[in-house]
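**Q** Got a file for you: protein31.tsv, TSV, C-alpha atoms.
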```
chain	number	residue	atom	x	y	z
Z	113	MET	CA	0.00	0.00	0.00
Z	114	ALA	CA	1.37	3.34	-1.03
Z	115	ASP	CA	1.95	6.09	1.50
Z	116	PRO	CA	-0.73	8.75	1.88
Z	117	MET	CA	-0.50	11.97	-0.09
Z	118	ARG	CA	-0.01	15.27	1.67
Z	119	ILE	CA	-2.71	17.63	0.46
Z	120	ARG	CA	-3.23	21.30	1.22
Z	121	ALA	CA	-6.31	23.02	-0.15
Z	122	SER	CA	-7.23	26.60	0.63
Z	123	MET	CA	-9.10	29.55	-0.85
Z	124	THR	CA	-7.13	32.21	-2.72
Z	125	GLY	CA	-9.63	34.80	-3.80
Z	126	ASP	CA	-12.51	32.97	-5.50
Z	127	LYS	CA	-10.37	29.98	-6.44
Z	128	VAL	CA	-9.29	26.91	-4.54
Z	129	GLU	CA	-5.54	26.46	-4.46
Z	130	VAL	CA	-4.42	22.86	-4.10
Z	131	LYS	CA	-0.93	21.58	-3.36
Z	132	VAL	CA	-0.29	17.86	-3.37
Z	133	LEU	CA	2.78	15.81	-2.54
Z	134	MET	CA	2.64	12.18	-3.63
Z	135	ALA	CA	5.01	9.51	-2.38
Z	136	HIS	CA	5.99	7.50	-5.44
Z	137	GLU	CA	9.18	5.98	-6.83
Z	138	MET	CA	8.49	7.20	-10.41
Z	139	GLU	CA	11.01	4.74	-11.80
Z	140	THR	CA	11.65	5.36	-15.51
Z	141	GLY	CA	12.68	1.81	-16.42
Z	142	LEU	CA	15.94	3.14	-17.84
Z	143	ARG	CA	18.06	2.85	-14.72
Z	144	LYS	CA	20.08	-0.16	-13.71
Z	145	ASP	CA	20.68	-1.58	-10.27
Z	146	ALA	CA	24.05	-2.42	-8.69
Z	147	SER	CA	24.25	-5.75	-10.53
Z	148	GLY	CA	23.45	-4.23	-13.93
Z	149	ASN	CA	19.85	-5.37	-14.25
Z	150	ALA	CA	17.30	-2.86	-15.49
Z	151	ILE	CA	14.99	-1.55	-12.80
Z	152	PRO	CA	11.42	-2.04	-14.02
Z	153	ALA	CA	9.43	1.07	-14.82
Z	154	HIS	CA	7.04	2.09	-12.10
Z	155	PHE	CA	5.29	5.40	-12.46
Z	156	ILE	CA	1.98	7.19	-12.01
Z	157	ARG	CA	-0.10	7.14	-15.17
Z	158	ASN	CA	-3.29	8.93	-14.28
Z	159	VAL	CA	-4.15	11.60	-11.78
Z	160	THR	CA	-7.75	12.61	-11.19
Z	161	VAL	CA	-9.04	15.34	-8.93
Z	162	THR	CA	-12.73	15.57	-8.14
Z	163	HIS	CA	-14.77	18.08	-6.22
Z	164	GLY	CA	-18.44	17.53	-5.47
Z	165	GLY	CA	-18.73	14.77	-8.07
Z	166	ARG	CA	-17.15	16.91	-10.78
Z	167	THR	CA	-13.72	16.17	-12.23
Z	168	VAL	CA	-11.70	19.36	-11.93
Z	169	LEU	CA	-8.37	17.98	-13.11
Z	170	SER	CA	-7.41	14.94	-15.10
Z	171	ALA	CA	-3.80	14.31	-16.04
Z	172	GLN	CA	-1.83	11.65	-17.89
Z	173	TRP	CA	1.66	11.34	-16.56
Z	174	GLY	CA	4.76	9.59	-17.74
Z	175	THR	CA	8.29	8.84	-16.69
Z	176	SER	CA	9.49	12.43	-17.01
Z	177	VAL	CA	7.73	13.41	-13.80
Z	178	SER	CA	10.08	13.41	-10.80
Z	179	ARG	CA	10.16	11.04	-7.86
Z	180	ASN	CA	7.78	12.10	-5.05
Z	181	PRO	CA	5.83	14.40	-7.40
Z	182	PHE	CA	4.45	17.77	-6.37
Z	183	LEU	CA	1.28	19.03	-8.03
Z	184	HIS	CA	0.02	22.57	-7.63
Z	185	PHE	CA	-3.13	23.92	-9.30
Z	186	ARG	CA	-6.20	26.11	-8.82
Z	187	PHE	CA	-9.82	25.55	-9.72
Z	188	LYS	CA	-13.02	27.54	-9.53
Z	189	GLY	CA	-16.25	26.66	-7.79
Z	190	GLY	CA	-15.06	25.37	-4.43
Z	191	LYS	CA	-15.96	26.67	-0.97
Z	192	PRO	CA	-14.30	26.32	2.43
Z	193	GLY	CA	-15.33	23.13	4.22
Z	194	GLU	CA	-15.92	21.18	1.02
Z	195	LYS	CA	-13.85	18.17	0.06
Z	196	VAL	CA	-11.32	17.67	-2.72
Z	197	THR	CA	-10.54	14.08	-3.68
Z	198	ILE	CA	-7.32	13.13	-5.42
Z	199	SER	CA	-6.51	9.74	-6.92
Z	200	TRP	CA	-3.61	8.32	-8.83
Z	201	LEU	CA	-3.18	5.07	-10.71
Z	202	ASP	CA	0.22	3.74	-11.71
Z	203	ASN	CA	1.42	1.43	-14.46
Z	204	LYS	CA	1.40	-1.58	-12.10
Z	205	GLY	CA	-2.24	-0.97	-11.27
Z	206	GLU	CA	-1.50	0.30	-7.79
Z	207	LYS	CA	-3.63	3.21	-6.73
Z	208	ARG	CA	-4.20	5.62	-3.96
Z	209	THR	CA	-7.02	8.03	-3.11
Z	210	ASP	CA	-6.87	10.76	-0.51
Z	211	GLU	CA	-9.03	13.72	0.29
Z	212	ALA	CA	-8.70	17.07	1.99
Z	213	VAL	CA	-11.06	19.70	3.29
Z	214	ILE	CA	-10.76	23.16	1.75
Z	215	ALA	CA	-9.56	25.64	4.34
Z	216	GLY	CA	-10.64	29.26	4.41
Z	217	GLY	CA	-8.23	31.75	2.90
T	238	MET	CA	50.60	53.12	-26.46
T	239	ARG	CA	47.19	54.44	-27.25
T	240	ILE	CA	45.85	50.94	-27.90
T	241	HIS	CA	47.21	49.78	-24.59
T	242	ARG	CA	45.58	52.64	-22.81
T	243	VAL	CA	42.26	51.91	-24.50
T	244	LEU	CA	42.53	48.24	-23.64
T	245	ALA	CA	43.38	49.09	-20.07
T	246	GLY	CA	40.30	51.29	-19.97
T	247	VAL	CA	38.13	48.48	-21.26
T	248	VAL	CA	39.55	46.05	-18.75
T	249	THR	CA	38.99	48.35	-15.78
T	250	ALA	CA	35.51	49.11	-17.00
T	251	MET	CA	34.74	45.41	-17.16
T	252	LEU	CA	36.12	44.39	-13.79
T	253	PRO	CA	33.32	45.68	-11.55
T	254	CYS	CA	30.82	43.71	-13.61
T	255	PHE	CA	32.01	40.35	-12.36
T	256	ALA	CA	31.09	40.68	-8.72
T	257	PRO	CA	27.45	41.77	-9.22
T	258	ALA	CA	26.97	39.09	-11.88
T	259	GLN	CA	28.00	36.43	-9.41
T	260	GLN	CA	25.76	37.93	-6.74
T	261	ASP	CA	22.83	37.83	-9.15
T	262	THR	CA	23.54	34.16	-9.77
T	263	LEU	CA	23.58	33.46	-6.04
T	264	LYS	CA	20.35	35.40	-5.64
T	265	GLU	CA	18.73	33.39	-8.42
T	266	ILE	CA	19.88	30.13	-6.83
T	267	GLU	CA	18.39	31.39	-3.56
T	268	ARG	CA	15.08	32.14	-5.29
T	269	TYR	CA	15.11	28.68	-6.87
T	270	ARG	CA	15.65	27.13	-3.42
T	271	GLN	CA	12.71	29.07	-2.02
T	272	LEU	CA	10.47	27.89	-4.84
T	273	LEU	CA	11.54	24.33	-4.14
T	274	GLN	CA	10.87	24.71	-0.43
T	275	GLU	CA	7.14	24.86	-1.08
T	276	SER	CA	7.18	21.44	-2.61
T	277	ASN	CA	9.61	19.77	-0.22
T	278	PRO	CA	9.02	15.99	-0.25
T	279	ALA	CA	10.79	15.83	3.12
T	280	GLU	CA	7.25	16.12	4.46
T	281	LEU	CA	6.52	12.61	3.21
T	282	TYR	CA	9.50	11.27	5.17
T	283	GLU	CA	8.48	13.22	8.27
T	284	ALA	CA	5.00	11.71	8.16
T	285	ARG	CA	6.44	8.21	7.88
T	286	GLY	CA	8.90	8.93	10.69
T	287	GLU	CA	6.14	10.05	13.02
T	288	ASP	CA	4.25	6.82	12.34
T	289	LEU	CA	7.39	4.75	12.90
T	290	TRP	CA	8.03	6.45	16.23
T	291	LYS	CA	4.63	5.27	17.44
T	292	THR	CA	4.72	1.84	15.81
T	293	ARG	CA	5.45	-1.24	17.90
T	294	ARG	CA	8.46	-2.95	16.38
T	295	GLY	CA	11.25	-5.36	17.22
T	296	PRO	CA	11.48	-8.44	19.47
T	297	LYS	CA	10.07	-6.49	22.42
T	298	ASN	CA	7.16	-5.25	20.29
T	299	ALA	CA	7.55	-1.72	21.64
T	300	SER	CA	7.34	1.75	20.16
T	301	LEU	CA	9.97	4.45	20.54
T	302	GLU	CA	7.62	6.73	22.43
T	303	ARG	CA	9.68	6.40	25.59
T	304	CYS	CA	12.98	7.08	23.85
T	305	ASP	CA	15.04	9.73	25.65
T	306	LEU	CA	16.59	12.13	23.14
T	307	GLY	CA	18.07	14.26	25.89
T	308	LEU	CA	15.06	16.21	27.14
T	309	GLY	CA	13.45	13.28	28.93
T	310	PRO	CA	11.69	10.10	27.76
T	311	GLY	CA	9.39	10.78	24.85
T	312	VAL	CA	10.23	14.47	24.46
T	313	VAL	CA	10.87	15.15	20.78
T	314	LYS	CA	10.02	18.84	20.53
T	315	GLY	CA	13.27	20.80	20.48
T	316	ALA	CA	15.45	17.73	21.06
T	317	TYR	CA	17.33	17.85	17.75
T	318	VAL	CA	18.75	21.36	18.22
T	319	ARG	CA	20.14	20.30	21.62
T	320	LEU	CA	22.09	17.39	20.18
T	321	PRO	CA	24.74	15.98	20.20
T	322	ARG	CA	24.88	15.72	23.97
T	323	TYR	CA	26.23	13.47	26.73
T	324	PHE	CA	23.99	10.63	27.86
T	325	ALA	CA	24.70	9.09	31.26
T	326	ASP	CA	23.13	5.70	30.45
T	327	THR	CA	25.50	5.03	27.56
T	328	ASP	CA	28.31	7.18	29.01
T	329	ARG	CA	28.98	8.78	25.63
T	330	VAL	CA	28.12	11.79	23.53
T	331	GLN	CA	25.43	10.93	20.99
T	332	ASP	CA	23.77	12.61	18.05
T	333	ALA	CA	20.16	12.00	17.01
T	334	GLU	CA	20.91	8.96	14.91
T	335	SER	CA	23.22	7.15	17.32
T	336	ARG	CA	20.70	7.84	20.08
T	337	LEU	CA	17.98	6.25	17.95
T	338	VAL	CA	20.21	3.17	17.63
T	339	THR	CA	20.39	3.04	21.45
T	340	CYS	CA	16.60	3.34	21.76
T	341	MET	CA	15.98	0.67	19.13
T	342	VAL	CA	18.24	-1.64	21.12
T	343	THR	CA	17.04	-0.87	24.66
T	344	LEU	CA	13.33	-0.31	24.01
T	345	GLN	CA	12.60	-2.46	20.97
T	346	GLY	CA	15.14	-5.22	21.56
T	347	PHE	CA	16.95	-5.05	18.23
T	348	THR	CA	20.63	-5.95	18.12
T	349	ILE	CA	23.01	-3.06	17.43
T	350	GLU	CA	23.67	-4.52	13.96
T	351	GLU	CA	19.95	-4.63	13.18
T	352	ALA	CA	19.45	-1.08	14.44
T	353	LYS	CA	22.31	0.18	12.30
T	354	ARG	CA	21.23	-1.64	9.15
T	355	ASN	CA	20.13	0.62	6.30
T	356	PRO	CA	20.94	3.90	7.98
T	357	PHE	CA	20.41	5.78	4.72
T	358	SER	CA	17.65	5.42	2.16
T	359	GLY	CA	18.78	3.46	-0.82
T	360	THR	CA	17.64	4.98	-4.06
T	361	GLY	CA	20.13	7.32	-5.57
T	362	ALA	CA	22.70	6.21	-3.03
T	363	PRO	CA	26.26	6.99	-3.98
T	364	MET	CA	28.03	4.45	-6.12
T	365	ILE	CA	29.82	2.26	-3.68
T	366	THR	CA	30.67	-1.38	-3.73
T	367	THR	CA	29.69	-2.27	-0.21
T	368	ASP	CA	26.16	-2.57	1.06
T	369	PRO	CA	24.14	-1.77	3.25
T	370	PHE	CA	23.62	1.64	1.71
T	371	SER	CA	22.88	0.73	-1.90
T	372	GLY	CA	19.89	-1.12	-3.20
T	373	VAL	CA	17.19	0.49	-5.22
T	374	GLY	CA	13.96	1.64	-3.64
T	375	GLN	CA	15.26	0.75	-0.22
T	376	ARG	CA	13.68	2.75	2.52
T	377	SER	CA	15.47	3.60	5.70
T	378	VAL	CA	13.65	3.55	9.01
T	379	MET	CA	16.49	5.60	10.46
T	380	THR	CA	16.17	8.32	7.80
T	381	ASP	CA	12.39	8.56	8.22
T	382	LEU	CA	12.70	8.80	12.01
T	383	VAL	CA	15.42	11.42	11.95
T	384	ALA	CA	13.43	13.48	9.43
T	385	TRP	CA	10.52	13.66	11.83
T	386	ILE	CA	12.65	14.32	14.90
T	387	ALA	CA	14.48	17.13	13.10
T	388	SER	CA	11.18	18.62	11.90
T	389	GLU	CA	10.08	18.89	15.54
T	390	SER	CA	12.90	21.42	16.05
T	391	ARG	CA	12.10	23.55	13.02
T	392	GLY	CA	12.36	27.26	13.71
T	393	MET	CA	14.31	26.76	16.94
T	394	THR	CA	17.78	27.97	17.86
T	395	ILE	CA	20.71	25.59	17.52
T	396	ALA	CA	21.99	25.16	21.08
T	397	PRO	CA	24.16	22.09	21.67
T	398	PRO	CA	25.13	21.72	25.34
T	399	MET	CA	28.85	22.01	26.12
T	400	SER	CA	28.89	21.58	29.89
T	401	HIS	CA	29.96	17.94	30.24
T	402	PRO	CA	33.69	17.18	29.84
T	403	LYS	CA	32.87	14.47	27.29
T	404	GLU	CA	30.94	17.00	25.18
T	405	ARG	CA	33.96	19.26	25.16
T	406	LEU	CA	36.16	16.30	24.35
T	407	ALA	CA	33.91	15.38	21.40
T	408	TYR	CA	34.10	18.97	20.18
T	409	GLN	CA	37.90	18.93	20.36
T	410	ALA	CA	38.09	15.58	18.60
T	411	GLY	CA	35.76	16.92	15.92
T	412	GLU	CA	37.92	19.96	15.45
T	413	ARG	CA	41.02	17.78	15.07
T	414	LEU	CA	39.24	15.62	12.52
T	415	PHE	CA	38.06	18.68	10.64
T	416	TYR	CA	41.61	19.95	10.17
T	417	TYR	CA	43.15	16.50	9.67
T	418	ARG	CA	44.51	16.03	6.15
T	419	ALA	CA	45.23	12.57	4.79
T	420	GLY	CA	44.44	10.05	2.11
T	421	PRO	CA	45.53	9.76	-1.52
T	422	TYR	CA	44.54	13.40	-2.21
T	423	ASP	CA	45.98	14.79	1.03
T	424	PHE	CA	42.49	16.08	1.67
T	425	GLY	CA	40.68	17.20	4.79
T	426	CYS	CA	37.31	18.81	5.58
T	427	VAL	CA	39.22	22.07	5.78
T	428	THR	CA	40.34	21.83	2.14
T	429	CYS	CA	36.81	22.67	0.99
T	430	HIS	CA	35.37	24.28	4.11
T	431	GLY	CA	38.25	26.46	5.31
T	432	ASP	CA	38.04	29.37	2.88
T	433	GLU	CA	35.52	31.98	1.90
T	434	GLY	CA	33.66	31.69	-1.41
T	435	LYS	CA	34.65	28.17	-2.50
T	436	ARG	CA	32.38	26.15	-4.72
T	437	ILE	CA	31.95	22.73	-6.24
T	438	ARG	CA	30.37	23.55	-9.59
T	439	LEU	CA	27.47	25.83	-8.56
T	440	GLN	CA	27.31	24.69	-4.95
T	441	SER	CA	28.75	27.30	-2.64
T	442	LEU	CA	30.69	25.65	0.14
T	443	PRO	CA	30.30	26.87	3.70
T	444	LYS	CA	33.37	28.04	5.59
T	445	MET	CA	32.83	26.24	8.85
T	446	ASP	CA	34.50	28.65	11.24
T	447	ASN	CA	32.31	31.41	9.87
T	448	ALA	CA	29.23	31.31	12.14
T	449	LYS	CA	26.78	32.33	9.42
T	450	ASP	CA	28.00	29.68	7.00
T	451	ALA	CA	28.03	26.99	9.67
T	452	GLN	CA	24.53	27.92	10.83
T	453	ARG	CA	23.22	27.68	7.33
T	454	ALA	CA	24.93	24.34	6.74
T	455	PHE	CA	24.02	22.70	10.03
T	456	GLY	CA	20.55	24.24	10.06
T	457	THR	CA	19.55	22.70	6.72
T	458	TRP	CA	20.44	19.04	7.34
T	459	PRO	CA	18.65	16.64	7.12
T	460	GLY	CA	17.73	17.72	3.62
T	461	TYR	CA	15.86	16.36	0.64
T	462	ARG	CA	18.27	16.10	-2.26
T	463	VAL	CA	16.33	16.77	-5.45
T	464	SER	CA	19.13	15.34	-7.59
T	465	GLU	CA	18.99	12.04	-5.71
T	466	GLY	CA	15.28	12.02	-4.93
T	467	GLU	CA	16.12	11.12	-1.35
T	468	LEU	CA	16.21	12.58	2.10
T	469	ARG	CA	19.72	12.72	3.52
T	470	SER	CA	20.68	12.94	7.19
T	471	MET	CA	23.60	14.58	8.97
T	472	GLN	CA	25.29	11.21	9.42
T	473	TRP	CA	25.00	10.68	5.68
T	474	ARG	CA	26.51	14.13	5.05
T	475	MET	CA	29.57	13.19	7.14
T	476	TRP	CA	29.81	9.75	5.59
T	477	GLU	CA	29.58	11.15	2.05
T	478	CYS	CA	32.17	13.90	2.61
T	479	ILE	CA	34.58	11.34	4.05
T	480	ARG	CA	33.98	9.10	1.04
T	481	GLN	CA	34.57	11.95	-1.39
T	482	MET	CA	37.89	12.65	0.33
T	483	ARG	CA	38.87	8.99	-0.30
T	484	PHE	CA	39.20	8.32	3.41
T	485	PRO	CA	38.40	4.89	4.86
T	486	GLU	CA	34.65	4.49	5.28
T	487	LEU	CA	33.18	6.45	8.17
T	488	GLU	CA	31.27	4.02	10.33
T	489	PHE	CA	27.65	4.97	10.87
T	490	ALA	CA	27.01	6.40	14.37
T	491	SER	CA	30.69	6.01	15.30
T	492	ASP	CA	32.41	8.29	17.81
T	493	ALA	CA	34.31	9.93	14.95
T	494	SER	CA	31.09	10.81	13.12
T	495	ILE	CA	29.53	12.15	16.32
T	496	ALA	CA	32.66	14.20	17.10
T	497	LEU	CA	32.46	15.88	13.69
T	498	ILE	CA	28.76	16.61	14.15
T	499	THR	CA	29.42	17.99	17.64
T	500	TYR	CA	32.07	20.32	16.22
T	501	LEU	CA	29.70	21.55	13.50
T	502	ALA	CA	26.77	21.95	15.89
T	503	LYS	CA	28.87	24.11	18.18
T	504	LYS	CA	30.08	26.20	15.24
T	505	ALA	CA	26.45	26.71	14.22
T	506	GLU	CA	25.33	27.68	17.73
T	507	GLY	CA	22.77	30.48	17.75
T	508	GLY	CA	21.56	29.82	14.22
T	509	THR	CA	17.98	29.00	13.32
T	510	PHE	CA	17.24	25.40	12.50
T	511	VAL	CA	15.13	25.09	9.34
T	512	ALA	CA	15.62	21.44	8.40
T	513	PRO	CA	14.54	19.13	6.88
T	514	ALA	CA	15.34	21.50	4.04
T	515	ILE	CA	15.40	20.94	0.32
T	516	LYS	CA	18.63	20.93	-1.63
T	517	ARG	CA	19.54	20.84	-5.31
```
As structure tokens, please, write out the structure in this file.
**A**
Amino acid sequence: MADPMRIRASMTGDKVEVKVLMAHEMETGLRKDASGNAIPAHFIRNVTVTHGGRTVLSAQWGTSVSRNPFLHFRFKGGKPGEKVTISWLDNKGEKRTDEAVIAGG
Amino acid sequence: MRIHRVLAGVVTAMLPCFAPAQQDTLKEIERYRQLLQESNPAELYEARGEDLWKTRRGPKNASLERCDLGLGPGVVKGAYVRLPRYFADTDRVQDAESRLVTCMVTLQGFTIEEAKRNPFSGTGAPMITTDPFSGVGQRSVMTDLVAWIASESRGMTIAPPMSHPKERLAYQAGERLFYYRAGPYDFGCVTCHGDEGKRIRLQSLPKMDNAKDAQRAFGTWPGYRVSEGELRSMQWRMWECIRQMRFPELEFASDASIALITYLAKKAEGGTFVAPAIKR
């Protein structure tokens, strides 16, 4: 089971500002280990952010995204106290979903 | 003659440009660091460390919640900035990591070897032939724990105690080690950290007997190394510098490593602790 994400969501003006840290190896598949064997690729493929049943962000990621990725974005239509739900799915089928409550700003 | 004079004029006109250009570069690097700080993955390590502190582990199936880091059993807040210090139960000066080894042994029942295994996280570990540091995707309990413990001192003043004779002895030993030059390159810590304004590529190197430099250096470890995608501890910093100098391997949590850390902590006294920081 993957480690939980660290999510911060708060109001900036009329928008919700969201900052997410995800714990993930994001292995490209191009590196080799100490004995020369290729390390299998392992990376987040899809990221989905929903708010009140509406998808506010959908992203397709690849191996060029860094280890322990940081995602920062804003969206309209959220209010303090409401929930933002973030999920990722990686190429091995592992997934993780976390949510955060929007703080006042 | 005239050409020479003109050239001389051009040269003198150019000279003052160099200093501000370099300052601009440093300022830009500083700005880059601040931008990175917002997205510091050290937070992920801190969260894991906090869980590990409370998790029952080892043959005794106990947590570390009663571990004494110097301010009494279980007190973590502010403990890191008051380390290394003398501990009566072990009769030695210990830093955060060697103290954690002690707690893993006494509270959780691990052997010393088990407690010292995988002191540093594995991915992106330096190219070395000997384990236990390498190994891809290898997580280090020690690194996670020390990240959390350090984070509980964030914003506090670095204040290592220097009242016990053994603390002063560790400081003196650390100082000797710092100035000791040896190995195939006739290198010592002082070779890189004894002068103002030295760099390795774009990394400015702190001059350790300059309080401001030392405070900045000591106050930002542990740090998340973006280039390695890993969190690195103070013990790792010592171990890696010693390796780069082509010295024999510095044993994890050894008296020599603690002496060096004691010396640096004292040099950084009065500075603000901001670690776990983020580094290039």
**Q** I need the residue nearest Z:Lys188 from this list: Z:Arg157, Z:Lys144, Z:His163, Z:Lys127. Use all atoms listed in the file for the distance.
**A**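 With all atoms listed in the file as the atom set, the closest residue is Z:Lys127.
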**Q** Tell me, as a ChimeraX atom specification, which residues lie within 12 Å of stretch 412-417 of chain T, counting all atoms listed in the file; anything in the same chain fewer than 5 positions away does not count.
**A** /T:405-407,423-431,444-446,475,478-479,482,484,487,492-504
**Q** Please produce an output containing C-alpha atoms for each residue in the selection, written as a compact mmCIF listing (two decimals), in the coordinates of the input.
**A**
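This went into out-v7.txt:
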```txt
# COMPACT_ATOMS: atom_id res chain seq x y z
CA ARG T 405 33.96 19.26 25.16
CA LEU T 406 36.16 16.30 24.35
CA ALA T 407 33.91 15.38 21.40
CA ASP T 423 45.98 14.79 1.03
CA PHE T 424 42.49 16.08 1.67
CA GLY T 425 40.68 17.20 4.79
CA CYS T 426 37.31 18.81 5.58
CA VAL T 427 39.22 22.07 5.78
CA THR T 428 40.34 21.83 2.14
CA CYS T 429 36.81 22.67 0.99
CA HIS T 430 35.37 24.28 4.11
CA GLY T 431 38.25 26.46 5.31
CA LYS T 444 33.37 28.04 5.59
CA MET T 445 32.83 26.24 8.85
CA ASP T 446 34.50 28.65 11.24
CA MET T 475 29.57 13.19 7.14
CA CYS T 478 32.17 13.90 2.61
CA ILE T 479 34.58 11.34 4.05
CA MET T 482 37.89 12.65 0.33
CA PHE T 484 39.20 8.32 3.41
CA LEU T 487 33.18 6.45 8.17
CA ASP T 492 32.41 8.29 17.81
CA ALA T 493 34.31 9.93 14.95
CA SER T 494 31.09 10.81 13.12
CA ILE T 495 29.53 12.15 16.32
CA ALA T 496 32.66 14.20 17.10
CA LEU T 497 32.46 15.88 13.69
CA ILE T 498 28.76 16.61 14.15
CA THR T 499 29.42 17.99 17.64
CA TYR T 500 32.07 20.32 16.22
CA LEU T 501 29.70 21.55 13.50
CA ALA T 502 26.77 21.95 15.89
CA LYS T 503 28.87 24.11 18.18
CA LYS T 504 30.08 26.20 15.24
```
**Q** Quote the spacing between atom CA of T:Pro421 and atom CA of T:Arg483 in Å to one decimal place.
**A** 6.8 Å
**Q** At a cut-off of 12 Å, list the chain Z residues touching chain T, using all atoms listed in the file, as a ChimeraX atom specification.
**A** /Z:114-120,130-139,143-152,154,177-184
**Q** Next, write the just-selected residues to a file, as a PDB file, keeping the file's coordinate frame, keeping C-alpha atoms as the atom set.
**A**
```pdb
ATOM      1  CA  ALA Z 114       1.370   3.340  -1.030  1.00  0.00           C
ATOM      2  CA  ASP Z 115       1.950   6.090   1.500  1.00  0.00           C
ATOM      3  CA  PRO Z 116      -0.730   8.750   1.880  1.00  0.00           C
ATOM      4  CA  MET Z 117      -0.500  11.970  -0.090  1.00  0.00           C
ATOM      5  CA  ARG Z 118      -0.010  15.270   1.670  1.00  0.00           C
ATOM      6  CA  ILE Z 119      -2.710  17.630   0.460  1.00  0.00           C
ATOM      7  CA  ARG Z 120      -3.230  21.300   1.220  1.00  0.00           C
ATOM      8  CA  VAL Z 130      -4.420  22.860  -4.100  1.00  0.00           C
ATOM      9  CA  LYS Z 131      -0.930  21.580  -3.360  1.00  0.00           C
ATOM     10  CA  VAL Z 132      -0.290  17.860  -3.370  1.00  0.00           C
ATOM     11  CA  LEU Z 133       2.780  15.810  -2.540  1.00  0.00           C
ATOM     12  CA  MET Z 134       2.640  12.180  -3.630  1.00  0.00           C
ATOM     13  CA  ALA Z 135       5.010   9.510  -2.380  1.00  0.00           C
ATOM     14  CA  HIS Z 136       5.990   7.500  -5.440  1.00  0.00           C
ATOM     15  CA  GLU Z 137       9.180   5.980  -6.830  1.00  0.00           C
ATOM     16  CA  MET Z 138       8.490   7.200 -10.410  1.00  0.00           C
ATOM     17  CA  GLU Z 139      11.010   4.740 -11.800  1.00  0.00           C
ATOM     18  CA  ARG Z 143      18.060   2.850 -14.720  1.00  0.00           C
ATOM     19  CA  LYS Z 144      20.080  -0.160 -13.710  1.00  0.00           C
ATOM     20  CA  ASP Z 145      20.680  -1.580 -10.270  1.00  0.00           C
ATOM     21  CA  ALA Z 146      24.050  -2.420  -8.690  1.00  0.00           C
ATOM     22  CA  SER Z 147      24.250  -5.750 -10.530  1.00  0.00           C
ATOM     23  CA  GLY Z 148      23.450  -4.230 -13.930  1.00  0.00           C
ATOM     24  CA  ASN Z 149      19.850  -5.370 -14.250  1.00  0.00           C
ATOM     25  CA  ALA Z 150      17.300  -2.860 -15.490  1.00  0.00           C
ATOM     26  CA  ILE Z 151      14.990  -1.550 -12.800  1.00  0.00           C
ATOM     27  CA  PRO Z 152      11.420  -2.040 -14.020  1.00  0.00           C
ATOM     28  CA  HIS Z 154       7.040   2.090 -12.100  1.00  0.00           C
ATOM     29  CA  VAL Z 177       7.730  13.410 -13.800  1.00  0.00           C
ATOM     30  CA  SER Z 178      10.080  13.410 -10.800  1.00  0.00           C
ATOM     31  CA  ARG Z 179      10.160  11.040  -7.860  1.00  0.00           C
ATOM     32  CA  ASN Z 180       7.780  12.100  -5.050  1.00  0.00           C
ATOM     33  CA  PRO Z 181       5.830  14.400  -7.400  1.00  0.00           C
ATOM     34  CA  PHE Z 182       4.450  17.770  -6.370  1.00  0.00           C
ATOM     35  CA  LEU Z 183       1.280  19.030  -8.030  1.00  0.00           C
ATOM     36  CA  HIS Z 184       0.020  22.570  -7.630  1.00  0.00           C
TER      37      HIS Z 184
END
```
**Q** Find the residue from T:Asp261, T:Asp305, T:Glu404, T:Asp381 that sits nearest to T:Arg322; use only C-alpha atoms when measuring.
**A**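 Ranked by minimum distance to T:Arg322, first place goes to T:Glu404.
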**Q** Could you state the separation of atom CA of T:Pro398 and atom CA of T:Lys353 in Å, given to one decimal place?
**A**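 Between these atoms lies a distance of 25.3 Å.
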**Q** Would you pick out the contacts of Z:Asp202 at 7 Å or less, using only C-alpha atoms, so that residues sharing its chain but fewer than 6 positions from it are not included, and give the list as a list of chain:residue names?
**A**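 Contacts, in chain order: Z:Phe155, Z:Ile156, Z:Arg157, Z:Asn158.
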**Q** Between T:Tyr422, T:Trp476, T:Phe357, T:Tyr317, which has the minimum distance to T:Ser388 (counting all atoms listed in the file)?
**A**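 Closest candidate: T:Tyr317.
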**Q** So how far away is atom CA of T:Gly392 from atom CA of T:Arg517, in Å?
**A**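 According to the coordinates, atom CA of T:Arg517 and atom CA of T:Gly392 are separated by 21.3 Å.
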**Q** Just add N, CA and C atoms to stretch 458-463 of chain T and send it as a compact mmCIF listing (two decimals), keeping the file's coordinate frame.
**A**
```
# COMPACT_ATOMS: atom_id res chain seq x y z
N TRP T 458 20.40 20.51 7.40
CA TRP T 458 20.44 19.04 7.34
C TRP T 458 19.66 18.47 8.49
N PRO T 459 18.87 17.43 8.33
CA PRO T 459 18.65 16.64 7.12
C PRO T 459 18.05 17.48 5.99
N GLY T 460 18.27 17.02 4.76
CA GLY T 460 17.73 17.72 3.62
C GLY T 460 17.30 16.75 2.54
N TYR T 461 16.30 17.17 1.78
CA TYR T 461 15.86 16.36 0.64
C TYR T 461 16.69 16.77 -0.56
N ARG T 462 17.43 15.84 -1.10
CA ARG T 462 18.27 16.10 -2.26
C ARG T 462 17.45 15.85 -3.53
N VAL T 463 17.14 16.92 -4.25
CA VAL T 463 16.33 16.77 -5.45
C VAL T 463 17.05 15.89 -6.47
```
